[in-house]
Structure formats: structure tokens, C-alpha cells
Number of protein chains: 4
Amino acid sequence: MIQENDRVLLSGQKREFFVRACDKEFSTDKGILNLSDLIGLNSGDLIYTHLQKPFKVIVPRPVDYFSYAKRTGAPMLPKDIGTVIAYTGMNKKDTVLDAGTGSGVAAIFFGGIAKMVVTYEKRPEFAEVCRKNIDDAGLDNVKVRAEDVLLSDGEYDIVHLDMQIEKEHVEHAHKLLKNGGYLATYTPFLEQTFNVMDAAKPVFSEVVCHELIGRELSRTERGTRPSTRVCHTGYITVCRK
Amino acid sequence: MIQENDRVLLSGQKREFFVRACDKEFSTDKGILNLSDLIGLNSGDLIYTHLQKPFKVIVPRPVDYFSYAKRTGAPMLPKDIGTVIAYTGMNKKDTVLDAGTGSGVAAIFFGGIAKMVVTYEKRPEFAEVCRKNIDDAGLDNVKVRAEDVLLSDGEYDIVHLDMQIEKEHVEHAHKLLKNGGYLATYTPFLEQTFNVMDAAKPVFSEVVCHELIGRELSRTERGTRPSTRVCHTGYITVCRK
Amino acid sequence: MIQENDRVLLSGQKREFFVRACDKEFSTDKGILNLSDLIGLNSGDLIYTHLQKPFKVIVPRPVDYFSYAKRTGAPMLPKDIGTVIAYTGMNKKDTVLDAGTGSGVAAIFFGGIAKMVVTYEKRPEFAEVCRKNIDDAGLDNVKVRAEDVLLSDGEYDIVHLDMQIEKEHVEHAHKLLKNGGYLATYTPFLEQTFNVMDAAKPVFSEVVCHELIGRELSRTERGTRPSTRVCHTGYITVCRK
Amino acid sequence: MIQENDRVLLSGQKREFFVRACDKEFSTDKGILNLSDLIGLNSGDLIYTHLQKPFKVIVPRPVDYFSYAKRTGAPMLPKDIGTVIAYTGMNKKDTVLDAGTGSGVAAIFFGGIAKMVVTYEKRPEFAEVCRKNIDDAGLDNVKVRAEDVLLSDGEYDIVHLDMQIEKEHVEHAHKLLKNGGYLATYTPFLEQTFNVMDAAKPVFSEVVCHELIGRELSRTERGTRPSTRVCHTGYITVCRK
């Protein structure tokens with residue numbers, strides 16, 4: 001049941017809105033919505049504008065935070081987050097350290113899966129944005145630390161780094177990991193990727209670097225073809241202790 | 001702590017073995033291991049052969065079941081499983097219906113993440129293999145149904161189909177889903193992919209088909225380059241209700 | 001030696017201009033050029049603006065017509081033209097039939113290689129643009145026919161189609177080809193590609209469909225990575241008689 | 001008309017043979033062919049085995065030398081040769097220097113297009129294989145030099161290097177080129193590619209590095225899909241003087 005201050009996705013009339021259940025009005029070109037009406041509703045219920053146009057009420061999922069959360073820069077794409085989750089086998093027993101939080105999109109995905117996530121973001125203003133996004137996502141198992149990841153300690157199943165990575169970060173990650181656990185790094189440039197691979201090879205038992213070229217298939221009346229744009233995003237290096 | 005009958009990954013001496021903690025011996029070219037010694041150990045402990053060669057004891061992760069579980073055919077690759085997880089935003093609050101279980105690798109990944117997974121496999125001999133693999137993985141929130149997925153009912157956050165998909169399967173999936181929930185299908189051939197997209201477009205609010213071309217980066221003394229083999233695996237179509 | 005009315009590429013001052021050796025002035029932000037000064041010069045000579053800024057004189061190559069020729073629509077990319085040339089083994093002994101000329105970019109590449117090219121473009125206004133571009137390129141072995149390719153006859157080493165292709169076009173191409181010769185088709189959509197493959201399989205001895213995903217490698221001070229945009233252009237089907 | 005000693009491709013009975021018109025017999029599982037019967041025939045004629053099974057007589061094209069020429073190592077793929085041809089705009093007016101000849105496959109493609117090709121291969125045994133292949137291809141405009149390309153001089157429209165490339169090779173190529181001409185290099189590894197790009201940037205006016213990921217589309221009764229294997233071959237760097 002939706003409570004006051006919860007984030008809600010409204011879908012209908014070929015539109016989508018990401019709102020908050022609160023004591024405010026929300027104007028659309030299909031009429032005005034009273035957002036306090038959302039409180040007490042459930043996912044799938046309908047809400048109507050003053051013009052009697054219905055919108056479907058949806059409790060947001062992690063993918064919606066990718067689309068709608070406040071951003072501090074370009075977040076990792078779901079395809080890359082999915083690669084980290086799959087090749088580390090992230091699951092609900094895991095304790096995950098994440099660093100280079102940014103707007104927290106990856107941390108939100110991880111928080112929905114793992115037992116606990118600690119995410120390090122040393123730029124305080126980014127850490128602030130991230131805290132709000134994680135709060136919006138209703139995750140109480142994700143802790144944001146506004147400090148350098150090299151100051152972290154503890155024992156983790158998975159360490160995920162999306163930041164400028166030096167040799168010392170790879171070695172620090174190795175120390176933090178349980179045996180059989182994984183370091184996964186995201187690096188947009190080849191030089192950084194080489195650095196990670198070279199730093200990881202002597203200390204990890206397995207190092208595999210993945211590149212994923214993702215395309216959407218476009219299907220219209222004219223015909224079907226891969227979308228004409230493909231994003232290179234980066235390299236995901238997965239290292240097992 | 002490892003208990004009798006648990007699956008255990010042994011890593012060391014540049015080798016990896018997937019064994020069971022039980023009352024048996026296990027011969028390696030580095031000496032004989034007494035598998036009952038595993039009982040009571042923890043992930044990260046060492047076990048020694050009769051030649052005093054140590055192996056690291058690792059509690060398996062979902063990725064290990066991809067490598068070592070008994071197979072009924074070619075399972076989905078982690079990159080494709082990761083795409084399903086990420087684009088549906090699968091998380092621990094979710095109830096997931098999976099069909100076309102095969103050896104159960106996708107169900108094992110999903111079971112580690114979701115609250116509950118029901119997986120349909122109508123070929124009884126495959127359902128049997130799958131049950132054993134899921135049992136090995138220690139998952140008690142994954143139920144295997146040896147029947148046609150069209151017989152399923154209930155309400156799900158996510159439906160995942162990896163099988164011959166007809167229009168009726170897409171429409172049945174739509175009925176099973178909550179509002180805001182996702183159908184994700186895996187189809188190796190374009191014709192099937194077109195069928196899924198065409199069946200989904202009239203009933204779902206959003207239909208996106210992804211193709212992921214995955215490559216590994218090979219880094220040796222000779223130099224760095226993409227691995228010379230890339231697998232086309234299939235198309236992942238993600239449809240939101 | 002450059003003659004009156006020849007096309008000339010001017011390169012220098014971090015700029016590039018595609019001009020004509022003629023009795024006119026050409027204004028640049030680096031000063032005015034007297035284009036009649038080009039007559040009698042050779043590739044590699046310098047020409048100066050009235051501000052004494054030099055530009056290198058270059059006799060254009062086929063790639064320059066890709067960049068600068070007047071367009072009637074999106075021409076085939078050089079990577080796709082190169083695929084046609086390589087998989088057909090196009091060479092100076094060949095007689096080539098080209099259809100769906102458009103602005104004539106492919107015909108200009110082929111004309112630089114083959115003994116003779118006949119190109120069919122049934123839209124008269126496109127045929128007109130194409131004639132001018134081919135004339136500019138100084139090719140006297142390329143004939144433009146403003147009519148339907150199904151009206152063509154003769155004997156060819158290579159037939160190249162970049163147009164809406166029906167079964168009858170594939171069969172007509174087969175009739176026009178010498179034994180051992182090649183049909184190469186360019187189709188942006190999968191449905192058309194299927195049609196071509198299905199029409200070709202019964203009549204040609206070999207049918208191979210290529211997709212080329214091309215990326216540029218971007219190398220800057222920040223690092224090296226594949227460019228973030230990739231174009232899907234189309235499928236090249238190569239059929240040997 | 002086929003002359004004594006010419007290479008001939010025989011196609012039929014779902015088989016393909018690459019033979020020589022000469023005073024010998026050639027045994028197939030469909031009967032014996034008398035190869036001297038080929039002399040005087042034309043492309044497209046038929047030749048019969050002693051069992052009256054016909055084979056189509058085809059004068060080989062450059063692509064056939066890719067398939068059948070004697071190899072000294074892995075030759076460049078047609079897709080990469082096509083990329084060089086297209087992005088340099090190679091045509092019949094061009095004088096081309098090629099180095100790292102190997103078995104001469106690229107030189108055979110270039111020789112069919114350009115006015116003249118000089119190809120450098122410093123390993124004498126490879127130069128010998130290459131000479132025979134070029135001779136077989138009937139090209140009298142391709143000269144093989146069994147020496148280091150750094151000893152070359154003259155003026156070229158295009159320089160193509162498929163070898164271990166050092167900075168001095170890039171600079172030497174620049175000296176050999178006409179203004180507006182192109183250096184194209186083929187490098188399988190990223191490190192070499194970086195070296196070429198770094199050496200070229202200060203001396204060439206334009207440096208673009210291409211990667212082509214090529215896939216074949218497989219279409220069978222089961223359905224249509226990209227072939228499951230993709231080759232990374234290498235990077236083509238194209239530099240304009």
C-alpha cells in the first residue's frame with residue numbers, strides 16, 4: 001500500500017509520470033491530479049484527473065530509478081549493471097561494497113538484490129543526491145559513505161568499482177573480499193581496463209573482461225532492423241578471489 | 001558452515017573441482033581428498049590432499065551452477081540472464097514465473113534474487129534434472145512444476161519464458177502479471193522474436209527487444225584484443241504491463 | 001594536371017573545401033581564393049588566398065565524392081561498398097550493372113575499379129543528380145540509364161542492387177550474370193534480406209549474407225575507446241552464379 | 001579464353017575444385033577430368049568427367065585466391081581488404097605500395113584494381129609463395145620485392161601495411177605518399193593500433209581507425225539468426241596525407 005512520501009509511477013494516456021504521494025496537485029495536459037489521492041492505493045489501481053482521465057498507479061521498480069532518479073552524471077546502463085549481477089552471481093545472501101556511487105543507480109539495483117550494500121562516494125554533493133535517490137527507492141539496506149573507498153574495511157562477497165581505478169583500489173578490493181567472492185569494475189576507457197586487468201592478474205584467481213555491445217531491434221511498418229545507434233559504454237572486468 | 005551433502009567448489013593448484021561434502025574420497029592428480037573433511041568448514045578454509053596440497057574451500061555461487069550443474073541442453077548465458085534481471089529490475093520483493101526451465105540455471109540465478117520463483121518445465125526428465133540442480137543450490141524458494149506453463153495461474157511481478165513461444169504464451173503472461181510488471185522472453189531466432197514482439201505490442205504498454213553481442217578482451221604478452229569468437233545467443237524481449 | 005571545370009579538394013588551415021577549377025572567386029575565413037589559379041596545377045601543389053594562407057591542392061578520390069557529392073538520400077557507407085567490392089572481387093576486367101543509383105556514390109567507387117559500369121535509376125531527377133556527380137568524378141566508363149533495371153539486358157560479371165528488391169529482380173540478375181559472377185544486394189531491413197536470400201537460394205550456387213558492424217576507435221587525452229555511436233546500415237547478400 | 005597453365009575453378013555436383021589447365025588428369029568422386037580439355041574453353045563452358053558428370057568452368061576471381069591460394073599464415077579477410085579499398089578509394093589510376101605481403105592475397109585484390117602494385121615481403125620463403133600465387137592470378141602489374149619496406153622509395157597513392165609496424169614505418173609511408181594519398185594499416189592488437197595512431201597523428205592530416213565486426217546471417221528451416229561465431233580480425237587505421 002502506498003504511503004505518504006512514496007515515489008509512484010503513473011502510466012496512461014501514452015504518458016508516464018514519476019511523482020510522489022503527497023499533499024500537492026500535479027498538472028498534466030490530460031487534467032490535474034491530486035497526489036494525496038495516491039496514499040492508500042495499491043500497484044495497479046487507477047487514479048483520475050479532474051477531467052476523468054485515468055492513470056495506472058505503479059510502485060516503481062529499479063529500472064524506473066534508472067529513468068527518473070536525479071542524476072549526477074551518466075549512470076551505468078542496465079545492460080552493464082546486469083552483467084555485474086550475472087557474472088558475480090549477486091544474490092540475497094551477499095554483502096556488497098560499491099564505490100563511485102554517482103547518483104546511486106547501480107546501488108539501487110544492488111540494494112534490491114543483496115542483503116546489504118555499502119556504497120562509497122567521496123564527492124559530498126554526489127553522496128547527497130545518491131542518499132535522496134536511495135531513500136526514494138525505499139531501500140534501508142544501502143548505506144552511503146561520503147568518503148574514500150580506500151578507507152573501507154570489513155568483509156564482502158562482492159566489490160563493485162565504477163570510478164578512476166588505480167592498482168591500490170584493486171588490491172584493496174582483494175583484501176575486502178571473501179574467498180570465492182568477486183571484484184567487478186566498470187571502465188569506459190581501454191587504458192583503465194588494462195590497468196585493472198594488470199593489477200588483478202597477480203592477486204585474483206580468475207580475471208575476465210567483458211565488452212557488451214547492445215542493440216535494440218526496431219520493428220515498424222517499414223520493416224525490422226537493429227536500431228541505428230549503439231552505445232559503447234565500457235568494459236566490465238570480473239575478478240574472482 | 002558447510003553441512004553434509006552441500007555442494008562445494010575447491011580451488012587451487014590451478015584446478016577447480018565441484019564436489020559434495022559427503023562420506024567419499026575424491027582423487028586428483030595432486031593427491032586424494034577426503035570429502036567428509038569438508039563438513040563443518042567455512043568458505044575460505046583450506047583442505048589438504050594426502051600429499052599435503054591445499055585447496056581453497058568455496059561455497060558455490062550461482063555462476064558456479066552455470067559452469068558445473070548437470071545440463072539438459074545449452075543454458076542461457078549469464079550475459080542474457082543479467083539482461084533479464086536488469087531490464088526487469090528483478091529484486092527480493094518479486095514473485096517470478098519462469099518457463100522452459102531446462103537445467104534450471106536461470107531459475108537458480110532468479111531464486112537467489114527473488115522472493116519466490118515458480119518454474120515450469122513440461123518435459124518430465126528435464127524437470128527432474130532441474131529439481132536436483134536447484135536442490136544442490138540450496139534454494140527452497142524455487143518450485144519446479146512439471147507441466148505446461150499455460151496451466152499456470154496466480155499473480156507475478158515477472159514472467160520469464162525461454163521456450164517455443166506462441167501468441168497464447170504472451171497473452172497468458174500478460175494475464176499473470178501485475179501492473180508495472182515485466183514479461184521477458186529469450187528467443188534465439190529472428191522469426192520467433194518477431195512473433196513475440198507482434199503478440200506483445202497490442203497488450204503491453206512497452207516492448208523493447210535487446211540483442212547483446214558479448215566479447216571478452218584477451219590480454220596476453222603478445223598484446224590485447226577482443227577474443228576472436230563471439231556468440232550470438234539470442235534476443236531478449238522485455239515487455240512491461 | 002587540373003583542367004578547367006575539374007573538381008578539386010583544398011586542404012589546409014584545418015579546413016577542407018570541395019571546389020571547381022573555374023573562372024570564379026571562393027571566399028574563406030582565411031581569405032579569398034581565385035579558382036582559375038587551379039587550372040594547370042597538380043595534386044600536391046599549393047594555392048594561396050589573398051591573405052597568403054596556403055591550401056594544398058588535391059585531385060579528389062572516390063571517398064571525397066562520398067563526402068561532398070550532391071546527395072539524393074543516404075548513400076551506402078564506404079564500409080558497405082567495400083564489402084561488395086571485396087566479396088565479389090571486383091576488378092578492372094569487370095563489367096558491372098548497378099541499380100538504385102541514388103546520388104551515384106557506389107557507381108563512382110565501382111567506376112574507378114571496373115572496366116564498365118551501367119547504373120539504373122528509374123527516378124529521372126535522381127538520375128540527373130547522379131549524372132552530374134559522375135561527370136564531376138571524371139568517369140567516362142559509367143553509363144546512367146534512367147529506366148527500370150528489369151529492362152536491362154547484356155552480360156555482366158557483377159550485378160549490384162541497392163533498391164526495393166523483389167524476387168523478379170534476383171532472377172533477372174541471375175540471367176544477366178556470367179557463370180562465376182556475383183549478385184550483391186544491399187538491404188537495410190531484415191524482411192527484404194529474407195526475400196533476397198529466399199529468391200537467390202534456388203538459382204545461385206552460393207548465397208552468403210553479411211552484416212558489418214563498424215565502429216571507429218576514438219583516441220584522445222582522456223583515453224581510447226570505441227566511438228559511442230555505431231550505425232546499423234544494412235545487410236549485404238552476396239550470391240554467386 | 002583459357003590458356004595452358006591458367007588457374008580454373010570447377011563448380012558443380014555440389015563440389016568446387018581449383019585446378020590448372022595442363023596436361024594432367026584430375027580424379028573426383030564423380031569421375032576423372034582431363035585437365036587439358038580446359039585449354040581453349042571460356043568461363044561458363046562445361047567440362048565432363050569420364051562418367052559424363054558436368055562441371056562449370058569458371059575463370060577465378062580474386063575471392064577464389066582468398067579461398068584457394070597457398071597460404072603462409074592467416075591472410076586478411078575480404079571484409080578487411082574491402083575496408084582498405086573503400087576508405088582509400090583505391091582505383092585503376094593508383095600506384096599502391098603493399099608491405100607484409102604474406103601469401104599475397106591482399107596484393108591480388110589490389111592488383112586487380114590498381115594500375116601498379118609493389119609489394120614488400122622480407123621473408124624470402126613467403127615472397128616465393130606470394131610470387132607463385134600472383135603468377136597464378138595472372139597479374140603482371142604486381143611486383144614482389146623480397147626486402148625491407150624501409151628500403152622502398154618512389155611516389156604512391158596508397159601505402160598498405162600488414163606487418164609489425166613501428167613509428168619509422170608510419171613516417172616512411174608518409175614520405176612515399178602523394179598529397180591526398182592514404183596510408184592504411186592492419187593491426188590485430190590494440191597496442192600496435194595505438195602505436196600507429198600515435199605515430200600518424202602528428203604527420204597525417206586525418207587519422208581514422210575502423211573496427212569491423214562481421215557476422216553472417218544464417219537462414220535455415222529452423223529459422224534465421226546471426227551465425228554464432230564472429231571473428232575479431234583487427235583494426236584498420238586509415239591516414240590521409
# chains A, B, ... in the order shown; residues from 1 in each chain; ligands from 1
$ closest_atom_pairs --of "chain B" --to "chain D" --cutoff "8 Å" --atoms "only C-alpha atoms" --output "CSV"
residue,atom,partner,partner_atom,distance
B:Pro188,CA,D:Arg225,CA,7.1
B:Phe189,CA,D:Arg225,CA,5.2
B:Leu190,CA,D:Thr224,CA,5.6
B:Glu191,CA,D:Gly223,CA,6.3
B:Gly223,CA,D:Phe189,CA,5.6
B:Thr224,CA,D:Phe189,CA,5.5
B:Arg225,CA,D:Phe189,CA,5.2
B:Pro226,CA,D:His232,CA,6.3
B:Ser227,CA,D:His232,CA,6.6
B:Thr228,CA,D:His232,CA,4.5
B:Arg229,CA,D:Val230,CA,5.3
B:Val230,CA,D:Val230,CA,4.9
B:Cys231,CA,D:Thr228,CA,4.7
B:His232,CA,D:Thr228,CA,4.5
B:Thr233,CA,D:Thr228,CA,7.0
$ calpha_fit_and_write --fixed "chain D" --moving "chain A" --output "compact mmCIF listing (two decimals) with C-alpha atoms, in the first residue's frame"
# COMPACT_ATOMS: atom_id res chain seq x y z
CA MET A 1 39.85 -18.08 -73.46
CA ILE A 2 41.66 -20.40 -71.07
CA GLN A 3 45.28 -21.03 -71.90
CA GLU A 4 47.72 -23.68 -70.83
CA ASN A 5 48.80 -23.29 -67.20
CA ASP A 6 45.87 -20.99 -66.29
CA ARG A 7 44.11 -21.52 -63.00
CA VAL A 8 40.49 -22.66 -63.35
CA LEU A 9 37.66 -23.06 -60.85
CA LEU A 10 35.37 -26.04 -61.51
CA SER A 11 31.94 -25.91 -59.93
CA GLY A 12 29.20 -28.52 -59.96
CA GLN A 13 27.84 -31.66 -58.29
CA LYS A 14 27.87 -29.59 -55.04
CA ARG A 15 31.65 -29.52 -55.26
CA GLU A 16 34.28 -26.93 -56.16
CA PHE A 17 37.79 -27.63 -57.42
CA PHE A 18 40.64 -25.20 -58.09
CA VAL A 19 42.73 -26.72 -60.86
CA ARG A 20 45.21 -25.81 -63.60
CA ALA A 21 44.69 -26.21 -67.35
CA CYS A 22 47.52 -28.65 -68.06
CA ASP A 23 48.47 -32.03 -69.39
CA LYS A 24 47.20 -34.01 -66.38
CA GLU A 25 44.20 -35.95 -65.15
CA PHE A 26 42.22 -34.92 -62.05
CA SER A 27 40.28 -37.52 -60.07
CA THR A 28 37.00 -36.67 -58.36
CA ASP A 29 34.41 -38.90 -56.72
CA LYS A 30 32.24 -38.08 -59.74
CA GLY A 31 34.80 -39.40 -62.22
CA ILE A 32 38.07 -38.36 -63.85
CA LEU A 33 38.61 -35.03 -65.61
CA ASN A 34 41.16 -34.50 -68.33
CA LEU A 35 42.57 -31.06 -67.45
CA SER A 36 43.96 -30.46 -70.92
CA ASP A 37 40.33 -30.29 -72.10
CA LEU A 38 40.14 -26.94 -70.31
CA ILE A 39 42.50 -25.25 -72.76
CA GLY A 40 40.52 -23.16 -75.19
CA LEU A 41 37.33 -23.16 -73.13
CA ASN A 42 35.64 -19.99 -71.84
CA SER A 43 34.16 -19.10 -68.47
CA GLY A 44 30.72 -20.71 -68.29
CA ASP A 45 31.49 -23.67 -70.55
CA LEU A 46 31.01 -27.19 -69.23
CA ILE A 47 33.56 -29.97 -68.90
CA TYR A 48 32.60 -33.62 -68.30
CA THR A 49 34.16 -36.41 -66.26
CA HIS A 50 34.60 -39.86 -67.81
CA LEU A 51 31.30 -40.66 -66.05
CA GLN A 52 29.62 -37.81 -67.99
CA LYS A 53 29.16 -35.63 -64.91
CA PRO A 54 29.38 -31.95 -65.90
CA PHE A 55 31.34 -29.21 -64.09
CA LYS A 56 31.02 -25.52 -64.86
CA VAL A 57 34.29 -23.87 -65.93
CA ILE A 58 34.95 -20.56 -64.15
CA VAL A 59 37.88 -18.18 -64.61
CA PRO A 60 38.83 -17.48 -60.96
CA ARG A 61 38.19 -14.11 -59.36
CA PRO A 62 40.23 -12.51 -56.54
CA VAL A 63 37.93 -14.07 -53.91
CA ASP A 64 38.89 -17.51 -55.19
CA TYR A 65 42.54 -16.79 -54.46
CA PHE A 66 41.48 -15.97 -50.91
CA SER A 67 39.93 -19.45 -50.71
CA TYR A 68 42.44 -21.48 -52.69
CA ALA A 69 45.84 -19.77 -52.94
CA LYS A 70 48.70 -21.38 -51.03
CA ARG A 71 48.93 -19.70 -47.63
CA THR A 72 51.86 -18.62 -45.50
CA GLY A 73 49.69 -17.71 -42.52
CA ALA A 74 46.23 -16.27 -41.92
CA PRO A 75 45.56 -13.77 -44.71
CA MET A 76 43.46 -10.64 -44.22
CA LEU A 77 39.76 -11.35 -44.60
CA PRO A 78 37.92 -9.87 -47.60
CA LYS A 79 35.92 -7.61 -45.23
CA ASP A 80 39.18 -5.98 -44.09
CA ILE A 81 40.62 -5.79 -47.60
CA GLY A 82 37.34 -4.19 -48.67
CA THR A 83 37.64 -1.64 -45.89
CA VAL A 84 41.10 -0.65 -47.11
CA ILE A 85 39.88 -0.37 -50.70
CA ALA A 86 36.81 1.68 -49.80
CA TYR A 87 38.28 4.10 -47.26
CA THR A 88 41.30 4.81 -49.48
CA GLY A 89 39.08 4.92 -52.59
CA MET A 90 41.54 2.64 -54.39
CA ASN A 91 41.08 2.82 -58.16
CA LYS A 92 42.70 2.05 -61.47
CA LYS A 93 44.75 5.25 -61.56
CA ASP A 94 46.54 4.35 -58.32
CA THR A 95 50.05 3.19 -57.64
CA VAL A 96 50.00 1.13 -54.45
CA LEU A 97 52.76 0.04 -52.12
CA ASP A 98 51.87 -2.99 -50.03
CA ALA A 99 54.08 -4.45 -47.30
CA GLY A 100 53.83 -7.63 -45.28
CA THR A 101 52.69 -9.48 -48.38
CA GLY A 102 52.33 -12.90 -46.77
CA SER A 103 50.69 -15.18 -49.28
CA GLY A 104 49.75 -12.18 -51.42
CA VAL A 105 45.99 -12.26 -51.07
CA ALA A 106 45.65 -8.51 -50.42
CA ALA A 107 48.14 -7.82 -53.24
CA ILE A 108 45.98 -9.91 -55.60
CA PHE A 109 42.88 -7.90 -54.71
CA PHE A 110 44.81 -4.63 -55.06
CA GLY A 111 46.45 -5.75 -58.31
CA GLY A 112 43.04 -6.33 -59.85
CA ILE A 113 42.12 -2.73 -59.11
CA ALA A 114 45.20 -0.48 -59.16
CA LYS A 115 47.47 0.51 -62.04
CA MET A 116 50.51 -0.84 -60.28
CA VAL A 117 51.25 -2.58 -57.00
CA VAL A 118 54.68 -3.07 -55.44
CA THR A 119 54.57 -5.47 -52.52
CA TYR A 120 57.35 -5.91 -49.96
CA GLU A 121 57.87 -9.19 -48.10
CA LYS A 122 61.20 -9.52 -46.38
CA ARG A 123 60.91 -13.24 -45.58
CA PRO A 124 62.23 -14.78 -48.83
CA GLU A 125 60.24 -18.02 -48.51
CA PHE A 126 56.99 -16.03 -48.17
CA ALA A 127 57.96 -13.83 -51.11
CA GLU A 128 58.36 -17.00 -53.13
CA VAL A 129 54.88 -18.30 -52.26
CA CYS A 130 53.43 -14.89 -53.00
CA ARG A 131 55.14 -14.71 -56.41
CA LYS A 132 53.57 -18.03 -57.39
CA ASN A 133 50.11 -16.96 -56.22
CA ILE A 134 50.32 -13.66 -58.10
CA ASP A 135 51.55 -15.47 -61.16
CA ASP A 136 48.61 -17.88 -60.91
CA ALA A 137 46.28 -14.90 -60.68
CA GLY A 138 47.69 -13.70 -64.01
CA LEU A 139 48.60 -10.25 -62.69
CA ASP A 140 51.54 -8.60 -64.43
CA ASN A 141 51.15 -5.27 -62.62
CA VAL A 142 52.16 -6.60 -59.19
CA LYS A 143 55.86 -6.60 -58.36
CA VAL A 144 57.13 -8.59 -55.37
CA ARG A 145 60.22 -7.24 -53.57
CA ALA A 146 61.86 -9.62 -51.12
CA GLU A 147 63.27 -6.82 -48.98
CA ASP A 148 62.51 -4.50 -46.10
CA VAL A 149 59.86 -1.90 -46.92
CA LEU A 150 62.03 0.78 -45.30
CA LEU A 151 64.31 0.43 -48.34
CA SER A 152 61.48 1.44 -50.67
CA ASP A 153 61.29 4.77 -52.46
CA GLY A 154 59.10 6.33 -55.14
CA GLU A 155 55.75 8.04 -55.01
CA TYR A 156 52.50 6.28 -54.21
CA ASP A 157 48.79 7.02 -53.96
CA ILE A 158 48.26 4.38 -51.29
CA VAL A 159 50.54 2.58 -48.84
CA HIS A 160 49.14 -0.51 -47.13
CA LEU A 161 50.98 -2.18 -44.24
CA ASP A 162 50.06 -5.57 -42.78
CA MET A 163 53.09 -6.28 -40.59
CA GLN A 164 54.72 -5.34 -37.27
CA ILE A 165 54.53 -1.57 -37.60
CA GLU A 166 56.92 0.82 -35.84
CA LYS A 167 56.87 4.59 -35.83
CA GLU A 168 59.51 4.63 -38.59
CA HIS A 169 57.20 2.68 -40.91
CA VAL A 170 54.45 5.24 -40.48
CA GLU A 171 56.88 8.09 -41.16
CA HIS A 172 58.40 6.30 -44.13
CA ALA A 173 54.90 5.73 -45.53
CA HIS A 174 54.20 9.45 -45.18
CA LYS A 175 57.29 10.23 -47.28
CA LEU A 176 56.23 7.82 -50.01
CA LEU A 177 52.72 9.23 -50.33
CA LYS A 178 51.38 11.89 -52.65
CA ASN A 179 49.37 14.69 -51.10
CA GLY A 180 45.79 13.46 -50.64
CA GLY A 181 47.04 9.86 -50.63
CA TYR A 182 46.37 7.31 -47.91
CA LEU A 183 48.22 5.05 -45.54
CA ALA A 184 46.11 2.08 -44.42
CA THR A 185 47.40 -0.28 -41.74
CA TYR A 186 46.07 -3.57 -40.48
CA THR A 187 46.89 -4.43 -36.86
CA PRO A 188 45.34 -7.29 -34.89
CA PHE A 189 46.31 -5.98 -31.46
CA LEU A 190 45.27 -2.79 -29.69
CA GLU A 191 48.80 -1.87 -28.61
CA GLN A 192 50.05 -1.83 -32.21
CA THR A 193 46.98 0.11 -33.22
CA PHE A 194 47.73 2.73 -30.58
CA ASN A 195 51.32 2.94 -31.88
CA VAL A 196 50.14 3.53 -35.42
CA MET A 197 47.61 6.16 -34.36
CA ASP A 198 50.17 7.97 -32.20
CA ALA A 199 52.83 7.93 -34.92
CA ALA A 200 50.35 9.05 -37.58
CA LYS A 201 48.58 11.87 -35.77
CA PRO A 202 51.45 14.41 -35.94
CA VAL A 203 52.23 13.83 -39.62
CA PHE A 204 48.93 13.00 -41.34
CA SER A 205 46.04 15.42 -41.76
CA GLU A 206 43.39 12.83 -40.87
CA VAL A 207 43.62 9.58 -38.89
CA VAL A 208 40.60 7.30 -38.47
CA CYS A 209 40.72 3.81 -36.99
CA HIS A 210 37.99 1.35 -37.98
CA GLU A 211 36.95 -1.87 -36.36
CA LEU A 212 34.58 -4.07 -38.34
CA ILE A 213 32.65 -6.78 -36.62
CA GLY A 214 31.36 -9.03 -39.37
CA ARG A 215 28.65 -11.62 -39.00
CA GLU A 216 26.90 -13.86 -41.47
CA LEU A 217 23.15 -14.28 -41.30
CA SER A 218 22.26 -17.96 -41.22
CA ARG A 219 18.87 -18.88 -42.68
CA THR A 220 17.67 -22.46 -42.41
CA GLU A 221 14.40 -24.27 -41.88
CA ARG A 222 14.76 -23.77 -38.13
CA GLY A 223 14.90 -20.01 -38.58
CA THR A 224 17.16 -17.06 -39.22
CA ARG A 225 19.86 -15.76 -36.91
CA PRO A 226 23.34 -14.32 -36.96
CA SER A 227 25.94 -17.04 -37.22
CA THR A 228 27.11 -17.99 -33.77
CA ARG A 229 30.74 -17.18 -34.50
CA VAL A 230 32.22 -13.79 -35.19
CA CYS A 231 35.87 -13.21 -35.88
CA HIS A 232 37.72 -10.29 -34.47
CA THR A 233 40.32 -9.78 -37.06
CA GLY A 234 41.94 -6.44 -36.47
CA TYR A 235 41.88 -2.71 -36.67
CA ILE A 236 42.21 -0.79 -39.95
CA THR A 237 43.73 2.64 -39.47
CA VAL A 238 43.32 4.97 -42.44
CA CYS A 239 45.53 8.10 -42.54
CA ARG A 240 45.35 10.78 -45.17
CA LYS A 241 48.36 12.87 -46.16
$ select_by_dssp --residues "stretch 75-206 of chain B" --states "alpha helix (DSSP H)" --output "ChimeraX atom specification"
/B:78-88,105-113,124-136,167-176,190-200
$ select_by_dssp --residues "stretch 6-154 of chain B" --states "strand (DSSP E)" --output "ChimeraX atom specification"
/B:7-12,15-20,25-28,31-34,46-48,54-58,95-99,116-120,142-145
